[in-house]
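K.L.:
Just dropping this structure here.
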Amino acid sequence: MTAAAANRSTGNGEALAPSAEALVERARAMIPLLKSRARGCTAANDVPRETVAEMTEAGFFRILQPRRHGGYEMHPNVFFDVQKALAEGCMSTGWIYGVLGCHPYELALFDDRAQQDVWGDDPDMLVSSTYQPVGKVEKAEGGFYLSGRWGFSSGSSHCGWVLLGAINFDTDGGPPDMRTFLLPRSDYQVIEGTWDTFGLQGTGSFDILVERVFVPEYRTHRAADGFACKNPGQEANDGPLYRMPWAQLFTRSVSTAAFGGMRAAIQAAIEIMQSRISTNTGKASKADPNLHAAIARAIAETDEMELTHRATFDELIGYAERDEAIPMQRRALFAYQSASVVRRLADLADDMVKLLGGRAVYMSSPILQPWLDLHAARAHVANDPANRIGDVVGTMLGEAPAFTFV
């Protein structure tokens, strides 16, 4: 099946889904092209529009989208395998794919009217996000007024809608109500030029500005519903995929690009090692046992983390297919494992870089960009394992998690 055929409809609104193998093969076929565009992506502080168009044409953004809205509704491991391949070519591209590509999953949890608003006329519509709870919320009849300025909306220049985090404090004496608000492009501004970083420069994670707009109730998603796995959208999207905790999917979407970045770093280290001879000592890097050990550790530990990742979603889907509640201690452990990935991989990359001498510090060095990207990815709150440590132990003792995005 060609990529174009992947986006054709069966006639009842559902897309003709390619196989998982075909999707991953398409992603791997893009690696050389993404590598050739990576420097321009970094310089522009945004992924090229042609790259986003090619990913759309390949059907990548439909992997987690409901079938009834033209998606493929596939196992999350297919989505993550595609993300890892794209990130091996360019980690910024893999990053925005992970973020934009996981939003069809959250949108499937919204009231079906919101899904119709976004996908009714265009099943390829893309949605960006920033979940920082910084917006001002005013409760109103039938919904809310929302205002504020948010940072870190990756891929926002390519999207027609945005998901914004904010807290509703007007709950008639109840606890604050954390929600995600869904807005069309006419209701917000993307402030380009607000993303200037040392790594992941190409993600175009620009600021979003909202000047007091009305958001109907049905275009909001309560964090409490995501935590309980009881969401309005499940009435229409009743397949097992949408019974998983939303947080489990999202947290992995911002750690998984690091696997592709790490694969690129390992390949770069081997490339440099094969030809590098120290001008000071005359020693060849390909005979350096310390460098060999660093590369071997990076390969082995990356594989171990990837196997854990794959097993996690096999287990989560298993619970969903049996319609069983996932034990909270498993959810807490999975969240901790996801949060640990980027820091562990960045440390492994450090161990290789420090043994590659002056060859590693030039801007032309093939290891420099993935190394910088791995360190930049550590800054995301979901990639800080310190936020998760207490809940791993606490849930084993029967306590409720303190960090409920789990």
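Chain identifiers are assigned as A, B, and so on, following the order in which chains appear in the structure tokens; residues are numbered from 1 within each chain, and ligands are numbered from 1 in order of appearance.
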Skip Ile317 (chain A) itself and residues of its chain fewer than 4 positions away, then list as a PyMOL selection string all residues within 12 Å of it, counting only C-alpha atoms.

P.N.:
chain A and resi 74-77+239-245+248-249+310-313+321-326

K.L.:
Enumerate the residues of region 28-264 of chain A with a DSSP assignment of helix (DSSP H, G or I), computed from the backbone, and present them as a PyMOL selection string.

P.N.:
chain A and resi 28-29+31-44+49-57+60-62+67-69+76-89+91-107+112-119+156-158+185-187+201-203+217-219+223-228+232-235+240-243+246-253+257-264

K.L.:
Using only C-alpha atoms, what does the table of region 55-109 of chain A residues within 9 Å of region 201-212 of chain A look like, with each row giving the shortest atom pair and its distance in Å to one decimal, sorted by chain and ascending number, as a Markdown table?

P.N.:
```
| residue | atom | partner | partner_atom | distance |
| --- | --- | --- | --- | --- |
| A:Cys90 | CA | A:Gly202 | CA | 9.0 |
| A:Met91 | CA | A:Gly202 | CA | 8.6 |
| A:Ser92 | CA | A:Thr203 | CA | 5.0 |
| A:Thr93 | CA | A:Thr203 | CA | 6.8 |
| A:Gly94 | CA | A:Thr203 | CA | 9.0 |
| A:Trp95 | CA | A:Thr203 | CA | 6.9 |
| A:Ile96 | CA | A:Thr203 | CA | 5.9 |
```

K.L.:
Taking only C-alpha atoms into account, name the residue in A:Gly199, A:Pro370, A:Pro401, A:Gly70 that is nearest to Gln116 (chain A).

P.N.:
A:Gly70

K.L.:
For a test of reading the model, state the distance in Å between CA of Met328 (chain A) and CA of Thr256 (chain A), rounded to one decimal.

P.N.:
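Between these atoms lies a distance of 22.3 Å.
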
K.L.:
When distances are computed from only C-alpha atoms, which of A:Asp196, A:Glu50, A:Glu306, A:Asp225 shows the smallest separation from Asp81 (chain A)?

P.N.:
A:Glu306
